[in-house]
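Here the structure comes first, spelled out in structure tokens, and everything after it is commentary.
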Amino acid sequence: AIAKLFECEAIKNTFARRDEYWILDAVEYYIENVTRFAQKDFVPDEKDMVFCRIRTTGKNLETKLKGPFPGAGGKDEPSKITYEVVDVGGQRNERKKWIRMFSDVKAIIFLVNLAGYNQVLYEDKSQNRMAEALQVFGQITGWRDESKKPMAKKNIIHGVDIFKNVPIYLLLNKKDLFEVMIHKVGLEKTFPDYKGSSKSDQALEFIRQKFREKCPPGKEIKIYDITGVSRFDVKNAFREIEKDLLKKHKPRIKDEIKKIISEGRKQNNGSKGCVIS
């Protein structure tokens with residue numbers, strides 16, 4: 001029935017205007033595979049699971065990722081390290097809860113949907129998703145637009161105070177959708193100051209620069225372009241983030257180990273690991 005419904009001209013025309021309302025990016029994939037999903041013996045594969053979406057509300061379950069500690073094997077060095085990753089809801093009504101989770105973060109990974117330049121918010125169909133992402137990113141980095149009136153206190157994320165020394169990694173996701181969309185809808189639709197062509201590399205660099213401009217003087221960010229359904233892209237991005245974090249925190253990790261040893265608590269760390277959260 002669902003597959004038949006999407007053969008209807010009215011539905012096709014409505015779907016073609018999806019930049020005017022919020023809808024999941026994966027809907028097209030669901031429709032293409034709906035017959036397979038409906039089979040009695042259906043078992044989801046990796047790609048099916050990657051295309052699934054669970055809305056994050058409040059503080060999602062913490063994910064612990066383990067990796068080898070560089071130079072492991074040295075005296076009193078851990079053999080592995082555990083990264084504690086906390087996913088927070090990005091919707092407007094979830095952002096007021098962020099402050100309670102940011103008391104001791106060592107890094108922020110800010111995820112942006114590249115295709116969002118031609119999409120609207122779930123909460124407000126009058127607001128462009130990319131424009132909203134830029135605004136929120138600026139609040140987190142501590143950027144201030146002096147030409148505008150101060151925001152209401154309840155809407156401000158005090159990034160300039162909390163994240164002054166916290167590294168921020170910007171992941172521009174859904175590059176595959178962006179590369180297709182940019183040939184159909186120009187970036188100038190959202191950004192009138194864009195004077196480039198429909199080539200994805202030019203448009204992508206323009207977006208990168210827009211986010212760089214949302215950083216206060218002296219605040220550097222690392223940017224990665226990825227396709228979330230690509231294992232290779234995600235793995236490489238996280239590998240680069242891991243290297244950078246270890247470089248920044250290795251001295252502190254070693255100091256913590258010395259402290260544990262000096263206090264006689266080394267036996268409590270039976271797994272011989274450390275945690276960065």
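Just so we're on the same page: first chain in the structure tokens is A, next is B, and so on; residues restart at 1 for each chain, and ligands are numbered from 1 in the order they show up.
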Find the nearest atom pair between each residue of stretch 187-265 of chain A and stretch 175-178 of chain A for residues within 12 Å, count only C-alpha atoms, give distances in Å to one decimal, sort rows by chain and ascending number, and present the table as a tab-separated table.
```
residue	atom	partner	partner_atom	distance
A:Leu187	CA	A:Phe178	CA	10.2
A:Ser198	CA	A:Phe178	CA	10.8
A:Lys199	CA	A:Phe178	CA	10.6
A:Ser200	CA	A:Phe178	CA	7.5
A:Asp201	CA	A:Phe178	CA	10.4
A:Ala203	CA	A:Phe178	CA	9.5
A:Leu204	CA	A:Phe178	CA	8.8
A:Ile207	CA	A:Phe178	CA	11.4
A:Tyr224	CA	A:Lys175	CA	10.4
A:Asp225	CA	A:Lys175	CA	6.6
A:Ile226	CA	A:Lys175	CA	5.8
A:Thr227	CA	A:Lys175	CA	5.1
A:Gly228	CA	A:Lys175	CA	8.2
A:Val229	CA	A:Asp176	CA	9.2
A:Ser230	CA	A:Asp176	CA	9.6
A:Asp233	CA	A:Lys175	CA	10.2
A:Val234	CA	A:Lys175	CA	11.8
```
Do you know which residues are at most 12 Å from A:Asn33 counting only C-alpha atoms, after dropping those on the same chain fewer than 2 positions away, and could you put them as a tab-separated table (two decimals) with N, CA, C and O atoms, in the first residue's frame?
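See selection-v3.tsv below for the written result:
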```
chain	number	residue	atom	x	y	z
A	2	ILE	N	1.94	1.26	0.78
A	2	ILE	CA	2.82	2.43	0.86
A	2	ILE	C	3.52	2.65	-0.48
A	2	ILE	O	3.61	3.78	-0.97
A	3	ALA	N	4.01	1.57	-1.08
A	3	ALA	CA	4.69	1.68	-2.37
A	3	ALA	C	3.73	2.20	-3.43
A	3	ALA	O	4.11	3.03	-4.28
A	26	ALA	N	15.97	9.96	5.06
A	26	ALA	CA	15.99	8.53	4.70
A	26	ALA	C	14.68	8.03	4.12
A	26	ALA	O	14.58	6.85	3.74
A	27	VAL	N	13.66	8.89	4.03
A	27	VAL	CA	12.35	8.46	3.54
A	27	VAL	C	12.45	7.79	2.16
A	27	VAL	O	11.82	6.76	1.89
A	28	GLU	N	13.25	8.38	1.28
A	28	GLU	CA	13.40	7.83	-0.06
A	28	GLU	C	13.94	6.40	-0.01
A	28	GLU	O	13.51	5.52	-0.75
A	29	TYR	N	14.88	6.16	0.90
A	29	TYR	CA	15.44	4.81	1.07
A	29	TYR	C	14.37	3.86	1.60
A	29	TYR	O	14.27	2.71	1.15
A	30	TYR	N	13.56	4.33	2.55
A	30	TYR	CA	12.49	3.49	3.10
A	30	TYR	C	11.50	3.08	2.01
A	30	TYR	O	11.07	1.92	1.94
A	31	ILE	N	11.14	4.03	1.16
A	31	ILE	CA	10.16	3.75	0.10
A	31	ILE	C	10.73	2.76	-0.91
A	31	ILE	O	10.05	1.83	-1.34
A	35	THR	N	9.03	-2.89	0.18
A	35	THR	CA	8.60	-4.26	-0.13
A	35	THR	C	9.48	-5.28	0.58
A	35	THR	O	8.98	-6.27	1.12
A	36	ARG	N	10.77	-5.02	0.60
A	36	ARG	CA	11.71	-5.92	1.29
A	36	ARG	C	11.46	-5.89	2.80
A	36	ARG	O	11.50	-6.93	3.47
A	37	PHE	N	11.20	-4.70	3.34
A	37	PHE	CA	10.93	-4.57	4.77
A	37	PHE	C	9.69	-5.36	5.18
A	37	PHE	O	9.60	-5.85	6.31
A	38	ALA	N	8.72	-5.45	4.27
A	38	ALA	CA	7.44	-6.09	4.59
A	38	ALA	C	7.49	-7.62	4.53
A	38	ALA	O	6.54	-8.28	4.95
A	39	GLN	N	8.58	-8.17	4.02
A	39	GLN	CA	8.68	-9.63	3.92
A	39	GLN	C	8.77	-10.27	5.30
A	39	GLN	O	9.39	-9.73	6.22
A	42	PHE	N	12.21	-10.88	6.79
A	42	PHE	CA	13.11	-9.73	6.71
A	42	PHE	C	14.02	-9.63	7.93
A	42	PHE	O	13.57	-9.72	9.06
A	44	PRO	N	17.12	-6.95	9.05
A	44	PRO	CA	17.83	-5.73	8.65
A	44	PRO	C	19.33	-5.96	8.52
A	44	PRO	O	19.93	-6.67	9.33
A	45	ASP	N	19.91	-5.37	7.48
A	45	ASP	CA	21.36	-5.45	7.32
A	45	ASP	C	21.99	-4.18	7.89
A	45	ASP	O	21.29	-3.31	8.43
A	47	LYS	N	23.24	-1.54	6.45
A	47	LYS	CA	22.78	-0.31	5.81
A	47	LYS	C	21.40	0.09	6.33
A	47	LYS	O	21.14	1.27	6.56
A	48	ASP	N	20.51	-0.89	6.51
A	48	ASP	CA	19.17	-0.61	7.05
A	48	ASP	C	19.27	0.05	8.42
A	48	ASP	O	18.57	1.02	8.73
A	51	PHE	N	20.46	3.68	8.39
A	51	PHE	CA	19.42	4.61	7.95
A	51	PHE	C	18.32	4.80	8.98
A	51	PHE	O	17.43	5.63	8.80
```
Checklist entry - What is the distance between atom CA of A:Ile23 and atom CA of A:Leu172, in Å to one decimal? => result 19.2 Å
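Across the model, the gap from atom CA of A:Leu24 to atom CA of A:Glu205 is 25.3 Å.
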